[in-house]
Structures are given as C-alpha cells and as structure tokens.
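The file upload-v2.txt contains compact mmCIF, C-alpha atoms:
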```
# COMPACT_ATOMS: atom_id res chain seq x y z
CA MET A 1 -25.73 90.69 -18.30
CA LYS A 2 -28.30 90.78 -21.14
CA LYS A 3 -27.61 87.09 -21.82
CA LYS A 4 -28.19 86.17 -18.17
CA ARG A 5 -31.46 88.13 -18.12
CA LEU A 6 -32.57 86.36 -21.30
CA VAL A 7 -31.80 82.94 -19.78
CA THR A 8 -33.73 83.84 -16.63
CA ALA A 9 -36.71 85.06 -18.67
CA VAL A 10 -36.75 81.87 -20.77
CA ILE A 11 -36.62 79.69 -17.66
CA LEU A 12 -39.43 81.61 -16.00
CA LEU A 13 -41.57 81.33 -19.12
CA LEU A 14 -40.97 77.56 -19.22
CA VAL A 15 -41.90 77.31 -15.56
CA ILE A 16 -45.07 79.31 -16.13
CA SER A 17 -45.99 77.27 -19.20
CA GLY A 18 -45.43 74.01 -17.35
CA ALA A 19 -47.41 75.27 -14.38
CA VAL A 20 -50.39 76.22 -16.55
CA VAL A 21 -50.41 72.76 -18.11
CA PHE A 22 -50.07 71.04 -14.75
CA PHE A 23 -52.70 73.01 -12.91
CA THR A 24 -55.15 72.71 -15.79
CA ARG A 25 -54.81 68.91 -15.70
CA SER A 26 -54.75 68.39 -11.97
CA ALA A 27 -57.15 71.06 -10.64
CA LYS A 28 -59.82 68.43 -9.95
CA THR A 29 -57.45 66.22 -7.96
CA GLN A 30 -56.25 68.92 -5.55
CA ASP A 31 -58.30 69.74 -2.49
CA ALA A 32 -57.26 73.36 -1.76
CA GLN A 33 -59.00 76.53 -0.68
CA TRP A 34 -57.22 79.71 -1.64
CA LEU A 35 -57.31 83.06 0.10
CA THR A 36 -57.62 85.71 -2.60
CA LEU A 37 -57.85 89.46 -3.06
CA ASN A 38 -58.72 91.28 -6.27
CA VAL A 39 -56.51 93.22 -8.63
CA THR A 40 -57.54 96.87 -8.49
CA ARG A 41 -56.83 100.10 -10.34
CA GLY A 42 -55.99 103.29 -8.50
CA ASN A 43 -53.19 105.35 -7.03
CA VAL A 44 -50.18 104.07 -5.13
CA ASP A 45 -48.82 106.65 -2.71
CA VAL A 46 -45.42 106.16 -1.13
CA VAL A 47 -45.26 108.11 2.12
CA VAL A 48 -42.98 108.73 5.08
CA THR A 49 -44.60 109.13 8.47
CA ALA A 50 -43.15 111.19 11.30
CA THR A 51 -44.09 113.31 14.28
CA GLY A 52 -43.18 116.93 14.89
CA THR A 53 -43.86 120.01 16.97
CA LEU A 54 -45.56 123.17 15.77
CA ALA A 55 -43.78 126.47 16.29
CA ALA A 56 -44.05 130.03 15.06
CA ASP A 57 -42.12 130.93 11.94
CA THR A 58 -39.92 133.30 13.99
CA THR A 59 -39.73 133.31 17.77
CA VAL A 60 -37.70 135.89 19.70
CA GLN A 61 -36.74 135.62 23.35
CA ILE A 62 -36.54 139.04 25.01
CA GLY A 63 -33.95 139.44 27.77
CA THR A 64 -32.30 142.30 29.64
CA GLN A 65 -28.80 143.72 29.28
CA VAL A 66 -28.75 145.33 32.74
CA SER A 67 -29.63 144.09 36.19
CA GLY A 68 -32.46 145.54 38.19
CA THR A 69 -35.96 145.14 39.54
CA ILE A 70 -39.03 145.00 37.30
CA SER A 71 -40.99 148.18 38.05
CA ARG A 72 -43.64 148.15 35.31
CA LEU A 73 -45.05 145.71 32.73
CA PHE A 74 -46.83 146.87 29.58
CA ALA A 75 -47.50 143.46 27.96
CA ASP A 76 -48.94 140.17 29.12
CA TRP A 77 -49.70 136.71 27.71
CA ASN A 78 -51.26 136.89 24.20
CA SER A 79 -50.66 140.64 23.94
CA HIS A 80 -50.19 141.95 20.42
CA VAL A 81 -47.16 144.25 20.32
CA ARG A 82 -45.54 146.44 17.69
CA GLN A 83 -41.87 146.76 16.87
CA GLY A 84 -40.31 149.37 19.20
CA GLN A 85 -43.20 149.26 21.70
CA THR A 86 -42.22 149.41 25.38
CA ILE A 87 -43.18 146.16 27.08
CA ALA A 88 -41.42 146.49 30.47
CA MET A 89 -39.31 148.85 32.58
CA LEU A 90 -36.70 148.29 35.25
CA ASP A 91 -36.25 150.45 38.35
CA THR A 92 -33.90 153.27 37.27
CA THR A 93 -32.86 154.59 40.70
CA PHE A 94 -29.35 153.15 40.66
CA LEU A 95 -28.96 153.70 36.94
CA TRP A 96 -29.69 157.42 37.32
CA ALA A 97 -27.21 157.57 40.16
CA ALA A 98 -24.59 156.00 37.94
CA VAL A 99 -25.25 158.64 35.28
CA GLN A 100 -24.87 161.48 37.77
CA GLN A 101 -21.66 160.04 39.14
CA ALA A 102 -20.23 159.62 35.67
CA ASP A 103 -21.19 163.20 34.86
CA ALA A 104 -19.44 164.49 38.00
CA ASN A 105 -16.33 162.48 37.15
CA LEU A 106 -16.34 164.03 33.70
CA ARG A 107 -16.50 167.58 35.09
CA LYS A 108 -13.68 166.77 37.51
CA ALA A 109 -11.54 165.46 34.68
CA GLU A 110 -12.23 168.56 32.61
CA VAL A 111 -11.12 170.87 35.52
CA ALA A 112 -7.94 168.87 35.91
CA ALA A 113 -7.33 169.13 32.19
CA ASP A 114 -7.81 172.92 32.27
CA LEU A 115 -5.30 173.23 35.13
CA ALA A 116 -2.82 171.05 33.26
CA LYS A 117 -3.25 173.22 30.18
CA THR A 118 -2.57 176.43 32.14
CA THR A 119 0.52 174.91 33.74
CA LEU A 120 1.83 173.76 30.39
CA ASP A 121 1.37 177.21 28.86
CA ARG A 122 3.29 178.89 31.71
CA VAL A 123 6.18 176.39 31.62
CA LYS A 124 6.32 176.68 27.86
CA LYS A 125 6.86 180.48 28.02
CA LEU A 126 9.59 180.15 30.66
CA TYR A 127 11.28 177.37 28.72
CA ALA A 128 11.28 179.56 25.58
CA LYS A 129 13.22 182.23 27.56
CA ASN A 130 15.59 179.60 28.99
CA LEU A 131 14.14 180.31 32.45
CA ASP A 132 12.92 176.75 32.99
CA SER A 133 14.44 173.33 32.41
CA GLN A 134 13.68 170.77 29.77
CA SER A 135 12.60 168.36 32.49
CA ASP A 136 9.93 170.73 33.84
CA TYR A 137 8.59 171.29 30.34
CA ASP A 138 8.35 167.55 29.64
CA THR A 139 6.55 166.95 32.94
CA ALA A 140 3.99 169.68 32.27
CA LEU A 141 3.34 168.33 28.77
CA SER A 142 2.86 164.78 30.10
CA ASN A 143 0.46 165.98 32.80
CA TYR A 144 -1.64 167.79 30.23
CA GLN A 145 -1.85 164.81 27.91
CA THR A 146 -2.80 162.55 30.83
CA ALA A 147 -5.54 164.97 31.86
CA GLN A 148 -6.93 164.97 28.32
CA ALA A 149 -7.02 161.14 28.35
CA SER A 150 -8.85 161.22 31.68
CA VAL A 151 -11.48 163.47 30.14
CA GLY A 152 -11.99 160.93 27.34
CA ILE A 153 -12.35 158.07 29.84
CA ALA A 154 -14.84 160.03 31.91
CA GLN A 155 -16.86 160.86 28.81
CA THR A 156 -16.98 157.20 27.82
CA ALA A 157 -18.14 156.23 31.31
CA LEU A 158 -20.91 158.81 31.12
CA ASP A 159 -22.02 157.54 27.70
CA GLN A 160 -22.10 153.95 29.03
CA ALA A 161 -24.14 154.99 32.05
CA LYS A 162 -26.67 156.69 29.80
CA ILE A 163 -26.87 153.59 27.56
CA ASN A 164 -27.51 151.40 30.59
CA LEU A 165 -30.24 153.78 31.65
CA GLY A 166 -31.79 153.37 28.23
CA TYR A 167 -31.66 149.57 28.58
CA ALA A 168 -33.95 149.88 31.59
CA THR A 169 -36.75 150.48 29.09
CA ILE A 170 -37.34 147.11 27.36
CA LYS A 171 -38.87 147.30 23.88
CA SER A 172 -40.14 144.68 21.46
CA PRO A 173 -37.74 144.07 18.56
CA ILE A 174 -40.50 142.68 16.31
CA THR A 175 -44.23 142.94 15.71
CA GLY A 176 -46.00 139.86 17.02
CA VAL A 177 -47.77 138.13 19.88
CA VAL A 178 -46.46 137.52 23.38
CA ILE A 179 -46.57 133.76 23.91
CA SER A 180 -44.61 133.72 27.17
CA ARG A 181 -44.10 136.11 30.11
CA ASN A 182 -41.60 134.89 32.69
CA VAL A 183 -41.38 137.85 35.13
CA ASP A 184 -43.65 139.83 37.47
CA ILE A 185 -43.49 143.30 38.93
CA GLY A 186 -40.99 143.44 41.77
CA GLN A 187 -38.93 140.53 40.49
CA THR A 188 -35.18 141.10 40.33
CA VAL A 189 -33.38 140.09 37.15
CA ALA A 190 -29.62 139.79 36.90
CA SER A 191 -27.75 140.28 33.66
CA SER A 192 -24.86 137.85 33.38
CA PHE A 193 -23.40 135.34 30.94
CA SER A 194 -26.86 133.68 30.82
CA THR A 195 -29.30 136.48 30.13
CA PRO A 196 -32.72 135.81 31.68
CA THR A 197 -35.71 135.56 29.33
CA LEU A 198 -38.44 138.05 30.19
CA PHE A 199 -40.78 137.52 27.22
CA THR A 200 -41.08 135.23 24.22
CA ILE A 201 -42.67 136.84 21.18
CA ALA A 202 -43.83 135.04 18.01
CA ASN A 203 -43.82 137.24 14.96
CA ASN A 204 -46.85 135.85 13.10
CA LEU A 205 -49.03 132.89 14.05
CA SER A 206 -50.78 132.90 10.68
CA ASP A 207 -47.64 131.35 9.19
CA MET A 208 -46.21 128.51 11.23
CA GLN A 209 -43.78 125.65 10.82
CA VAL A 210 -43.48 122.06 11.96
CA GLN A 211 -40.14 120.73 13.13
CA ALA A 212 -40.38 117.02 12.34
CA SER A 213 -37.96 114.26 13.32
CA VAL A 214 -37.34 111.80 10.46
CA ASP A 215 -35.15 108.74 11.04
CA GLU A 216 -32.17 108.00 8.83
CA GLY A 217 -33.93 105.11 7.09
CA ASP A 218 -36.50 107.48 5.57
CA ILE A 219 -34.59 110.76 5.22
CA GLY A 220 -33.22 109.75 1.80
CA ASN A 221 -36.76 109.77 0.38
CA VAL A 222 -37.63 113.25 1.67
CA LYS A 223 -36.99 116.19 -0.66
CA VAL A 224 -37.52 119.93 -0.38
CA GLY A 225 -40.86 120.94 -1.93
CA GLU A 226 -42.72 117.69 -1.18
CA LYS A 227 -46.30 117.96 0.05
CA VAL A 228 -47.15 117.13 3.64
CA THR A 229 -50.44 116.42 5.40
CA PHE A 230 -50.84 116.15 9.16
CA THR A 231 -53.30 116.07 12.00
CA VAL A 232 -53.18 117.34 15.57
CA ASP A 233 -54.91 115.92 18.62
CA ALA A 234 -56.87 119.13 19.17
CA TYR A 235 -58.65 118.74 15.79
CA PRO A 236 -58.61 115.00 14.98
CA ASN A 237 -61.04 115.38 12.06
CA ASP A 238 -59.14 118.20 10.34
CA VAL A 239 -56.29 117.55 7.91
CA PHE A 240 -53.75 120.35 7.57
CA LYS A 241 -51.37 120.81 4.67
CA GLY A 242 -47.81 122.03 4.37
CA LYS A 243 -44.62 121.81 2.32
CA VAL A 244 -41.08 120.71 3.12
CA THR A 245 -38.80 123.77 3.03
CA GLN A 246 -35.62 122.59 4.74
CA ILE A 247 -33.76 119.42 5.71
CA ARG A 248 -31.26 120.24 8.42
CA LEU A 249 -27.94 118.46 8.24
CA GLN A 250 -27.35 118.29 12.01
CA PRO A 251 -28.27 114.76 13.19
CA SER A 252 -29.52 113.79 16.62
CA THR A 253 -29.56 110.36 18.26
CA VAL A 254 -32.64 109.27 20.22
CA GLN A 255 -32.52 105.77 21.74
CA ASN A 256 -29.77 104.72 19.30
CA VAL A 257 -31.82 105.96 16.31
CA VAL A 258 -30.29 108.71 14.18
CA GLU A 259 -32.85 111.38 13.27
CA TYR A 260 -32.80 114.54 11.17
CA THR A 261 -34.94 117.65 11.58
CA VAL A 262 -37.20 118.49 8.64
CA ILE A 263 -38.81 121.94 8.55
CA ILE A 264 -42.32 122.16 7.08
CA ASP A 265 -44.03 125.50 6.41
CA VAL A 266 -47.72 125.53 7.31
CA PRO A 267 -50.31 128.26 6.62
CA ASN A 268 -52.53 128.97 9.62
CA PRO A 269 -55.10 131.57 8.49
CA ASP A 270 -57.73 130.48 11.04
CA LEU A 271 -55.17 130.49 13.90
CA LYS A 272 -56.29 127.00 14.90
CA LEU A 273 -52.76 125.71 15.21
CA LEU A 274 -50.93 126.77 18.35
CA PRO A 275 -47.23 126.62 19.22
CA GLY A 276 -46.21 123.38 20.88
CA MET A 277 -48.92 121.15 19.36
CA THR A 278 -47.82 117.68 18.28
CA ALA A 279 -48.30 116.98 14.57
CA ASN A 280 -48.66 113.48 13.10
CA LEU A 281 -47.24 113.90 9.60
CA THR A 282 -47.48 112.06 6.33
CA ILE A 283 -44.91 113.16 3.73
CA GLU A 284 -45.77 112.22 0.14
CA VAL A 285 -42.48 111.11 -1.45
CA ALA A 286 -43.80 109.41 -4.64
CA GLN A 287 -47.09 108.64 -6.37
CA ALA A 288 -48.26 106.46 -9.24
CA LYS A 289 -51.68 107.49 -10.53
CA ASP A 290 -54.34 105.23 -12.05
CA VAL A 291 -52.24 102.05 -12.20
CA LEU A 292 -52.89 98.36 -11.70
CA LYS A 293 -52.05 97.25 -8.18
CA VAL A 294 -52.08 93.99 -6.27
CA PRO A 295 -51.78 93.25 -2.55
CA THR A 296 -48.11 93.04 -1.67
CA THR A 297 -48.71 89.67 0.00
CA ALA A 298 -49.62 88.27 -3.43
CA LEU A 299 -46.03 88.87 -4.54
CA ARG A 300 -44.76 86.79 -1.62
CA PHE A 301 -47.02 83.79 -2.17
CA MET A 302 -46.10 80.53 -3.90
CA PRO A 303 -48.08 77.27 -3.73
CA PRO A 304 -47.01 74.51 -1.30
CA SER A 305 -44.37 71.95 -2.17
CA GLN A 306 -46.73 69.25 -3.49
CA TYR A 307 -47.84 71.62 -6.24
CA MET A 308 -44.29 72.54 -7.09
CA ALA A 309 -43.25 68.88 -7.06
CA GLN A 310 -45.87 68.05 -9.67
CA LEU A 311 -44.81 71.10 -11.65
CA ALA A 312 -41.20 69.95 -11.63
CA LYS A 313 -42.14 66.58 -13.11
CA ALA A 314 -43.43 68.31 -16.23
CA ILE A 315 -40.11 70.13 -16.83
CA PRO A 316 -37.15 68.49 -18.66
CA ASP A 317 -34.06 67.67 -16.60
CA SER A 318 -31.89 70.18 -18.47
CA VAL A 319 -34.28 73.06 -17.75
CA ARG A 320 -34.63 71.97 -14.12
CA GLU A 321 -30.86 71.95 -13.67
CA ARG A 322 -30.44 75.41 -15.20
CA PHE A 323 -33.23 76.75 -13.00
CA ARG A 324 -31.63 75.16 -9.93
CA GLN A 325 -28.30 76.84 -10.72
CA ARG A 326 -29.92 80.25 -11.18
CA PHE A 327 -31.94 79.80 -7.99
CA GLN A 328 -28.89 78.69 -6.00
CA LYS A 329 -26.84 81.61 -7.31
CA PHE A 330 -29.50 84.02 -6.10
CA HIS A 331 -29.86 82.47 -2.62
CA GLY A 332 -26.38 81.03 -2.04
CA GLN A 333 -25.24 77.42 -1.85
CA ASN A 334 -27.81 76.49 0.78
CA GLY A 335 -30.74 78.23 -0.87
CA GLY A 336 -31.65 75.54 -3.36
CA GLY A 337 -32.77 73.03 -0.76
CA ASP A 338 -35.57 75.29 0.40
CA PHE A 339 -37.17 75.74 -2.98
CA ALA A 340 -39.80 73.04 -2.56
CA GLY A 341 -40.37 73.19 1.16
CA ALA A 342 -40.76 76.97 1.41
CA GLY A 343 -44.46 76.70 0.74
CA ASN A 344 -45.02 74.64 3.88
CA ARG A 345 -45.91 77.44 6.27
CA GLY A 346 -49.24 75.85 7.03
CA PRO A 347 -52.83 76.62 6.08
CA GLY A 348 -54.31 80.01 6.80
CA GLN A 349 -51.01 81.90 6.51
CA PRO A 350 -51.36 84.64 3.90
CA GLY A 351 -48.16 85.22 2.04
CA GLY A 352 -46.69 81.81 2.83
CA GLY A 353 -44.62 81.00 -0.21
CA MET A 354 -41.34 80.30 -1.88
CA ASN A 355 -38.11 81.86 -0.62
CA TYR A 356 -37.00 83.13 -3.98
CA GLN A 357 -39.79 85.73 -3.84
CA ASP A 358 -38.74 86.96 -0.35
CA ARG A 359 -36.66 89.85 -1.61
CA ASP A 360 -36.88 93.63 -1.71
CA LEU A 361 -39.66 95.24 -3.70
CA THR A 362 -37.28 97.16 -5.94
CA PRO A 363 -39.18 98.95 -8.76
CA GLY A 364 -38.48 97.22 -12.05
CA SER A 365 -38.08 93.74 -10.52
CA TYR A 366 -40.06 90.75 -11.79
CA PHE A 367 -42.29 88.62 -9.61
CA ILE A 368 -44.82 85.80 -10.05
CA VAL A 369 -48.41 86.24 -8.88
CA TRP A 370 -50.88 83.36 -8.85
CA VAL A 371 -54.35 84.01 -10.23
CA LEU A 372 -57.42 81.94 -9.37
CA ASP A 373 -59.28 81.15 -12.61
CA GLY A 374 -62.42 79.30 -11.59
CA LYS A 375 -61.07 76.31 -9.63
CA GLN A 376 -57.71 76.46 -11.33
CA ILE A 377 -54.69 78.61 -10.45
CA LYS A 378 -52.18 79.96 -12.89
CA PRO A 379 -48.94 81.94 -12.54
CA VAL A 380 -48.58 85.37 -14.12
CA ARG A 381 -45.24 87.14 -14.45
CA VAL A 382 -45.41 90.85 -13.55
CA GLN A 383 -43.02 93.75 -13.29
CA ILE A 384 -43.47 95.82 -10.14
CA GLY A 385 -43.37 99.57 -9.61
CA LEU A 386 -44.02 101.65 -6.52
CA SER A 387 -45.19 100.02 -3.30
CA ASP A 388 -46.84 101.56 -0.26
CA GLY A 389 -46.34 98.39 1.76
CA THR A 390 -49.96 97.25 1.43
CA ASN A 391 -50.37 97.46 -2.36
CA THR A 392 -47.82 97.34 -5.17
CA GLN A 393 -48.01 98.71 -8.70
CA VAL A 394 -47.70 95.98 -11.34
CA GLU A 395 -47.48 95.67 -15.11
CA GLY A 396 -48.40 92.39 -16.74
CA ASN A 397 -51.21 90.23 -18.06
CA LEU A 398 -53.65 91.14 -15.29
CA LYS A 399 -57.03 92.83 -15.29
CA PRO A 400 -58.89 94.74 -12.58
CA GLY A 401 -61.12 92.40 -10.59
CA GLU A 402 -59.05 89.27 -11.12
CA PRO A 403 -58.50 87.33 -7.86
CA VAL A 404 -54.85 86.90 -6.94
CA ILE A 405 -53.85 84.40 -4.28
CA VAL A 406 -52.34 85.70 -1.05
CA GLY A 407 -52.50 82.50 1.02
CA MET A 408 -54.16 79.14 1.64
CA LEU A 409 -57.09 78.33 3.88
CA SER A 410 -56.43 74.59 3.50
CA SER A 411 -54.27 72.41 1.32
CA GLY A 412 -55.38 68.83 1.89
CA ALA A 413 -53.19 66.06 3.17
CA GLY A 414 -50.33 66.64 0.83
CA ASN A 415 -48.86 69.63 2.67
CA GLN A 416 -45.75 67.84 3.93
CA ALA A 417 -42.18 68.98 3.44
CA GLN A 418 -40.48 67.42 0.47
CA SER A 419 -37.06 67.53 -1.06
CA ASN A 420 -36.47 70.16 -3.66
CA PRO A 421 -38.04 68.86 -6.90
CA PHE A 422 -35.90 71.26 -8.93
CA MET A 423 -32.66 69.69 -7.78
CA ALA A 424 -31.14 67.47 -10.46
CA ARG A 425 -32.44 63.90 -10.45
CA ARG A 426 -29.90 61.33 -9.38
CA ARG A 427 -29.69 58.33 -11.63
CA PHE A 428 -28.64 54.97 -10.17
```

This structure in structure tokens:
Amino acid sequence: MKKKRLVTAVILLLVISGAVVFFTRSAKTQDAQWLTLNVTRGNVDVVVTATGTLAADTTVQIGTQVSGTISRLFADWNSHVRQGQTIAMLDTTFLWAAVQQADANLRKAEVAADLAKTTLDRVKKLYAKNLDSQSDYDTALSNYQTAQASVGIAQTALDQAKINLGYATIKSPITGVVISRNVDIGQTVASSFSTPTLFTIANNLSDMQVQASVDEGDIGNVKVGEKVTFTVDAYPNDVFKGKVTQIRLQPSTVQNVVEYTVIIDVPNPDLKLLPGMTANLTIEVAQAKDVLKVPTTALRFMPPSQYMAQLAKAIPDSVRERFRQRFQKFHGQNGGGDFAGAGNRGPGQPGGGMNYQDRDLTPGSYFIVWVLDGKQIKPVRVQIGLSDGTNTQVEGNLKPGEPVIVGMLSSGAGNQAQSNPFMARRRF
C-alpha cells in the first residue's frame, strides 16, 4: 500500500512539473479566460440542517377516571396551576348515590353475619351435648363464613364508591401552565378504554425542547452534546441556541425517507418560544478554525483536453503508461478514455473538469487545484480536510488571496474532444 501511494505521488509530481513547464512556455499561445475565486482563510463549519417542532419539556394530558357531567371548571387556557390544585369537578349526584347504596349493602351484610354468628353459637352448644347432628353444625359454620365474606365484599364496594366520588374532583398532577382545555361546563365525559383528555398542562415553558426529524443520511454525524442554532417564523431575525440531548432509536418513514427523532433542549427565559412552533435547525457537527480554504468547485476543475494533450506530449511514454494504468484502475476499464475529453463541458461552466477528480471529498484525500499566476496557470497538489459543500479546507502550497480556477469563460477554438493523450502511443 505504501509503495502504491509512493508511485502515485511520484506520477502526480511529474504531471505537475510537466504542466508547469508546458503552461509557462505556451501561455502566450492560448486564448483562454478563466473564472477564478480567491483562496481565503477562515472557519469551515460542517452542519446538518433539519426542521422540528417546539414542545414543552414535560407535557401532561389530564383525563378522568369516572364518567359524568362537568359541573365546574377552575382553570382555563394559559392558567397557571399548582400541583394538587383542583381544576375541574364532575356532577357527584350519582356518585353519592352509589356510596349510599354501598353503605346500605355493607350494613345488610353485617346484620346477616351477626345472625349467622348467633346461629353457629347455638348449634355449636347443642352439638357439644350430642343434641344436634354433624351436618347441622357444618351448615351453620359454612353460613357464618359466607356471611363474613359478604361483609368483606360490601366493604370493598363501599371503598370503591368513595374512591370514585373522589375522582369527581380533578386535580393537577404537576405545577405548570394550561395549554389546552377541551371541555366546557355541562359536557358529558365518558371514562372507557380511551380516556378523554380534559386539559393539557406544560410543566415549565422556560425550558423547552425541539423534536427534530433528521434523515438517515445525516444521523451518523449527529452526536449528543452538539450545539444547535435555529430560527422560527415568528422571530425571523432572532437566532436561538440549544444542545442535542437525545437521539431516539425508533425510526419513522416519511415518503420513503427514513428519519430519526433528535431531541434538543432549548432555554426559553423570555418565553418567546411557544409550543408547536416550527424550528429551522442547524446542527454543528464539525468545525475547522482559521484554516486555508478554497471553493469546492476548484477541486473539481481541470483544464480542457487541448491543454492536457499538450501536457501529455511533455511526459515520457513510460510515465504516461504508468499514469494511464493508475487512472484506469481508479475508474475501471472504461475510465481511461475519458481522461482527455472530460474537460470539454463547454465555456462558462464552473467546475467543468477531469473525471478523476469527480470523487468524494473524503478528508485526507489529495486533489489538484489550478492557480492563475498572471496569465499563466499552474497546478498545485493539496490535501483536503473538512468541507461544508461550498468551501473546503486545504493544506498545500497556497496562500490567502491567490486566485484558483473554478471554470472557463472561453477557451478558444481548440475546445474539441480528443482522444486520451495519456493512453500509450501506438507505434506503426
């Protein structure tokens, strides 16, 4: 592997050296106008963009465990409530009746139990004197035990009736703000498998969270603790800040795109942010500070085929053949034929260039950028770092302010497709 990298580096250096010689000699003969942008120094921020919805840190939906009619309301929209505070009451008419009935049933069961106890005591005395049968004794004992069980059942029913009566008074389980009221006085609510929601209470709007949807192509770059900035439509000139606190593992599919929910904690001391607002997020996943950077299109550009054809003439056949083999290995068996003609995308097309530079911007890779030096152009080999899509961090023999070529405005009459000059020359 080290040997292959060394061969590649030597070939690239020979190409660059030959190109410098060629372009220095032939700059006056070429009629070309280059589109350039300058090398700059600054930060390169790699970000992931997403959208999300603001919500309270904790939101509780208040329902009812018994059916009835709303008789009184003690809270409304935006009401501040305390934990344990009564916020609504149901009509208790039928619930009180149920308590009284359960109490009567309990007293009836207790009377029956007392009678069974008296009967058992009498039969027990007669049985001890052999004046009563074993069967009568067993029956009296069974009746007494059954009466005792009936008392327990009646007591349980009374306790349940009292609990249901207590459920008629609906209290807030947390301290917070009412953000939704779904019932009115006189409305009947039915407790069933799907408990109706009477109120929605947010615990604290000064601390909120954003639930963002990040697609699977970007989720690998997002980490817990990364900084987030976002805007909302209500305050387009304000930038809010937050931090990633959770990446949920449950995926969702929206229009055949797999997305994951990312939770972002957001301080809201001014209470500007409201539940339900849409947030346009930028998640900072990496940053390179105070580095040299070039436009990414400069990494994609190579001169047209007539320039490369002249360059190839200055390179020995053995070097050309080795370069062709390396180039063909990278692009496949059909890639070599495009080496010369790849620059023929036409004038005025920034980034038009050779195919061997059309590859991923993997940090640590080597690319060639072309620098305009007066009326001459020269290749410079650089190693790339982070890229934000528009600009890419580079290391190499470049200086801030140097113009790098990103395209051609015109290229004269020689911009016609040619055969690959780096293919081995055939001798006849």

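Taking CA of Val178 in chain A and CA of Ala75 in chain A as the two end points, the separation is 7.6 Å.
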
task = Have a look at CA of Glu216 in chain A and CA of Tyr260 in chain A and let me know their distance in Å, one decimal.
result = 7.0 Å

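Between Thr362 in chain A and the candidates A:Leu73, A:Leu386, A:Val189, A:Ile87, the tightest atom-to-atom separation, counting all atoms listed in the file, involves A:Leu386.
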
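Of the residues listed (A:Glu395, A:Asp233, A:Asp91, A:Asp159), A:Asp233 shows the shortest atom-to-atom separation from Leu273 in chain A; distances use only C-alpha atoms.
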
task = Give the answer as one residue: which of A:Gln250, A:Leu409, A:Ile219, A:Ala279 has the shortest atom-to-atom distance to Pro304 in chain A, using only C-alpha atoms?
result = A:Leu409

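Across A:Leu131, A:Val177, A:Ala298, A:Ala286, the tightest approach to Leu35 in chain A is made by A:Ala298 when counting all atoms listed in the file.
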
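The nearest approach to Asp290 in chain A among the residues A:Glu226, A:Asp238, A:Asp45, A:Asp103, with all atoms listed in the file taken into account, belongs to A:Asp45.
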
query = Leaving out Lys293 in chain A and any residue of its chain fewer than 4 positions from it, which residues lie within 6 Å of it when counting all atoms listed in the file, given as a PyMOL selection string?
reply = chain A and resi 40-41+392-394

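When all atoms listed in the file are used to compute distances to Ile247 in chain A, the closest of the residues A:Asn268, A:Val222, A:Ala97, A:Lys289 turns out to be A:Val222.
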